[in-house]
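S.K.: Mind looking over this structure? Questions follow.
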Amino acid sequence: MAEAARAKRATGRPSDGLFDRELDHLPPEARWREWMHRVEATIFAASEPVGRETLARIVGKTCSIDLLIDDIREELRGRPYDLVAVAGGWKHLTRPAYADAIRTAVGESERSVDLTQSELLVLMCIAYFQPITRAELSSFFGKEISRDLIGNLRSFGFIASGPRAPQPGAPYTYVTTQAFLLEFGLGTLRDLPDFEALEDAGLLSKEKLLAGDIMPRFTDGDDPGAGTVIDE
């Protein structure tokens, strides 16, 4: 019996090998600390953002994931990295102040993406108006949006096919992806600049945008090679 109790205390799990989420044998402060360690270790080890449902598997049923994350972030204050809500989960990311040091040490990120201005504008339009068809995008910009441009955005993983549009021919629509959120540091699409506020201020209108009345039209001189570098 004493051996089983010692094994449970040492491993944080019952002696029968089942994972102990609740940790009822620990005092509240030690239990909370162990949950913090579990969550931070899981996020640190993951290559992609870790979602709430995944983290809920390793902590007690009454544990608040949000409060736990807040405490971890508080402990990371002053460190060169942080725990950031991105792409529907959490991920360890270095702070922007150390970007130059990292580039100097290891060079540019392999995931650097070189987008042209045209691609950035189309991606922005898809992000705000999804699901949206290629014909609607062409109407937006006053010039046909090529399949090649759409293909480039798909190859970067930033967009994917959405539901068929209720229009003649049932054309495909396009939507943004988790990779888009991750690349631009967004937790969810709700973190995009508030489009409704821009509409209320009279600065933007979906109807006028789709009619090509506001956004500058692409010109024949638009250089598809003049890109903007986006990196982590």
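Scheme for the structure tokens: letters A, B, ... for chains in order shown; per-chain residue numbers from 1; ligand numbers from 1 in order shown.
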Pick out the residues sitting within 7 Å of A:Pro171, and hand them over as a list in words; count only C-alpha atoms, and ignore anything fewer than 6 positions along from it in its own chain.
M.R.: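 In the requested form, the answer reads Thr133, Arg164 and Ala165 of chain A.
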S.K.: Write out the residues from the selection above, keeping C-alpha atoms, as a CSV table (one decimal), in the first residue's frame.
M.R.:
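Output below, filename selection35.csv:
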chain,number,residue,atom,x,y,z
A,133,THR,CA,-16.1,33.1,-55.4
A,164,ARG,CA,-20.4,25.8,-53.5
A,165,ALA,CA,-22.0,29.1,-54.1
S.K.: Report the residues of stretch 70-192 of chain A whose backbone DSSP state falls under strand (DSSP E), written as a PyMOL selection string.
M.R.: chain A and resi 81-86+89-94+113-116+132-133+159-164+172-176
S.K.: Need to verify the contact set: A:Arg147, 10 Å, only C-alpha atoms, exclusion of same-chain residues closer than 5 positions in sequence. Can you return it as number ranges by chain?
M.R.: A: 134, 152-153
S.K.: Mind dumping a table of every stretch 154-174 of chain A residue within 10 Å of stretch 115-124 of chain A, with the nearest atom pair and its distance in Å to one decimal, using only C-alpha atoms, sorted by chain and rising number, as a Markdown table?
M.R.:
| residue | atom | partner | partner_atom | distance |
| --- | --- | --- | --- | --- |
| A:Phe156 | CA | A:Leu115 | CA | 9.5 |
| A:Phe158 | CA | A:Leu123 | CA | 8.0 |
| A:Ile159 | CA | A:Leu123 | CA | 7.9 |
| A:Tyr174 | CA | A:Leu123 | CA | 9.8 |
S.K.: Please, which residues of stretch 15-188 of chain A, numbered as in this document, come out helix (DSSP H, G or I) from DSSP, as number ranges by chain?
M.R.: A: 28-45, 52-56, 65-76, 96-106, 117-129, 134-141, 147-155, 178-183
S.K.: Using Å and a single decimal, report how far atom CA of A:Gly142 sits from atom CA of A:Pro166.
M.R.: 22.1 Å
S.K.: Given the choices A:Arg57, A:Ile69, A:His92, A:Thr177, which gets closest to A:Phe44 if the distance is worked out from only C-alpha atoms?
M.R.: A:His92
S.K.: Let me make sure I understand: among A:Glu34, A:Ile72, A:Gly185, A:Pro27, which one has the smallest atom-to-atom distance to A:Pro96 if we use only C-alpha atoms?
M.R.: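 Closest residue, counting only C-alpha atoms: A:Gly185.
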S.K.: So that I can check the surroundings of stretch 58-66 of chain A, please list as a list in words every protein, DNA and RNA residue that reaches within 10 Å of it, counting only C-alpha atoms and ignoring chain neighbours fewer than 5 positions away.
M.R.: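 Surrounding residues, per the criterion: Phe19, Asp20, Arg21, Glu22, Leu23, Asp24, Arg31, Trp32, Glu34, Trp35, Met36, Arg38, Val39, Thr42, Arg52, Glu53, Asp71 and Ile72 of chain A.
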S.K.: Could you write out that same residue set with N, CA and C atoms as a PDB file, in the first residue's frame?
M.R.:
ATOM      1  N   PHE A  19      -4.051   7.651 -16.480  1.00  0.00           N
ATOM      2  CA  PHE A  19      -3.594   9.033 -16.321  1.00  0.00           C
ATOM      3  C   PHE A  19      -4.497   9.767 -15.338  1.00  0.00           C
ATOM      4  N   ASP A  20      -3.895  10.392 -14.368  1.00  0.00           N
ATOM      5  CA  ASP A  20      -4.641  11.090 -13.312  1.00  0.00           C
ATOM      6  C   ASP A  20      -4.781  12.559 -13.673  1.00  0.00           C
ATOM      7  N   ARG A  21      -5.950  12.953 -14.134  1.00  0.00           N
ATOM      8  CA  ARG A  21      -6.203  14.353 -14.474  1.00  0.00           C
ATOM      9  C   ARG A  21      -6.465  15.187 -13.240  1.00  0.00           C
ATOM     10  N   GLU A  22      -7.159  14.620 -12.287  1.00  0.00           N
ATOM     11  CA  GLU A  22      -7.684  15.406 -11.180  1.00  0.00           C
ATOM     12  C   GLU A  22      -6.630  15.733 -10.118  1.00  0.00           C
ATOM     13  N   LEU A  23      -5.698  14.811  -9.880  1.00  0.00           N
ATOM     14  CA  LEU A  23      -4.644  15.023  -8.879  1.00  0.00           C
ATOM     15  C   LEU A  23      -5.222  15.375  -7.504  1.00  0.00           C
ATOM     16  N   ASP A  24      -6.271  14.660  -7.109  1.00  0.00           N
ATOM     17  CA  ASP A  24      -6.936  14.952  -5.838  1.00  0.00           C
ATOM     18  C   ASP A  24      -6.038  14.701  -4.633  1.00  0.00           C
ATOM     19  N   ARG A  31      -1.447  21.146  -6.893  1.00  0.00           N
ATOM     20  CA  ARG A  31      -2.248  20.648  -8.018  1.00  0.00           C
ATOM     21  C   ARG A  31      -2.246  21.656  -9.163  1.00  0.00           C
ATOM     22  N   TRP A  32      -2.462  22.922  -8.835  1.00  0.00           N
ATOM     23  CA  TRP A  32      -2.489  23.970  -9.863  1.00  0.00           C
ATOM     24  C   TRP A  32      -1.129  24.084 -10.562  1.00  0.00           C
ATOM     25  N   GLU A  34       1.108  21.728 -10.920  1.00  0.00           N
ATOM     26  CA  GLU A  34       1.309  20.575 -11.794  1.00  0.00           C
ATOM     27  C   GLU A  34       0.512  20.728 -13.083  1.00  0.00           C
ATOM     28  N   TRP A  35      -0.703  21.241 -12.989  1.00  0.00           N
ATOM     29  CA  TRP A  35      -1.497  21.480 -14.201  1.00  0.00           C
ATOM     30  C   TRP A  35      -0.796  22.499 -15.096  1.00  0.00           C
ATOM     31  N   MET A  36      -0.241  23.565 -14.508  1.00  0.00           N
ATOM     32  CA  MET A  36       0.497  24.554 -15.282  1.00  0.00           C
ATOM     33  C   MET A  36       1.667  23.902 -16.016  1.00  0.00           C
ATOM     34  N   ARG A  38       2.028  20.760 -16.879  1.00  0.00           N
ATOM     35  CA  ARG A  38       1.532  19.866 -17.931  1.00  0.00           C
ATOM     36  C   ARG A  38       1.159  20.656 -19.190  1.00  0.00           C
ATOM     37  N   VAL A  39       0.419  21.737 -18.977  1.00  0.00           N
ATOM     38  CA  VAL A  39      -0.037  22.541 -20.114  1.00  0.00           C
ATOM     39  C   VAL A  39       1.144  23.170 -20.843  1.00  0.00           C
ATOM     40  N   THR A  42       3.133  20.533 -22.781  1.00  0.00           N
ATOM     41  CA  THR A  42       2.409  20.058 -23.967  1.00  0.00           C
ATOM     42  C   THR A  42       2.505  21.067 -25.099  1.00  0.00           C
ATOM     43  N   ARG A  52      -7.939  24.104 -26.936  1.00  0.00           N
ATOM     44  CA  ARG A  52      -8.525  23.955 -25.604  1.00  0.00           C
ATOM     45  C   ARG A  52      -8.926  22.501 -25.314  1.00  0.00           C
ATOM     46  N   GLU A  53      -9.510  21.818 -26.290  1.00  0.00           N
ATOM     47  CA  GLU A  53      -9.962  20.445 -26.063  1.00  0.00           C
ATOM     48  C   GLU A  53      -8.791  19.526 -25.743  1.00  0.00           C
ATOM     49  N   ASP A  71      -1.754  32.451 -15.794  1.00  0.00           N
ATOM     50  CA  ASP A  71      -0.690  32.285 -14.810  1.00  0.00           C
ATOM     51  C   ASP A  71       0.633  31.911 -15.470  1.00  0.00           C
ATOM     52  N   ILE A  72       0.569  31.077 -16.497  1.00  0.00           N
ATOM     53  CA  ILE A  72       1.793  30.716 -17.220  1.00  0.00           C
ATOM     54  C   ILE A  72       2.385  31.948 -17.896  1.00  0.00           C
TER      55      ILE A  72
END
S.K.: Which distance in Å separates atom CA of A:Arg73 and atom CA of A:Glu40, to one decimal?
M.R.: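 That distance, rounded to one decimal, is 9.7 Å.
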S.K.: Hey, what's within 12 Å of A:Tyr172 if we count only C-alpha atoms and toss same-chain stuff fewer than 3 positions away? As a PyMOL selection string, please?
M.R.: chain A and resi 130-136+150+160-169+175
S.K.: With distances taken over only C-alpha atoms, which of A:Ile145, A:Val106, A:Ala56, A:Ala85 is nearest to A:Asp70?
M.R.: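 For A:Asp70, the nearest of the candidates is A:Ala85.
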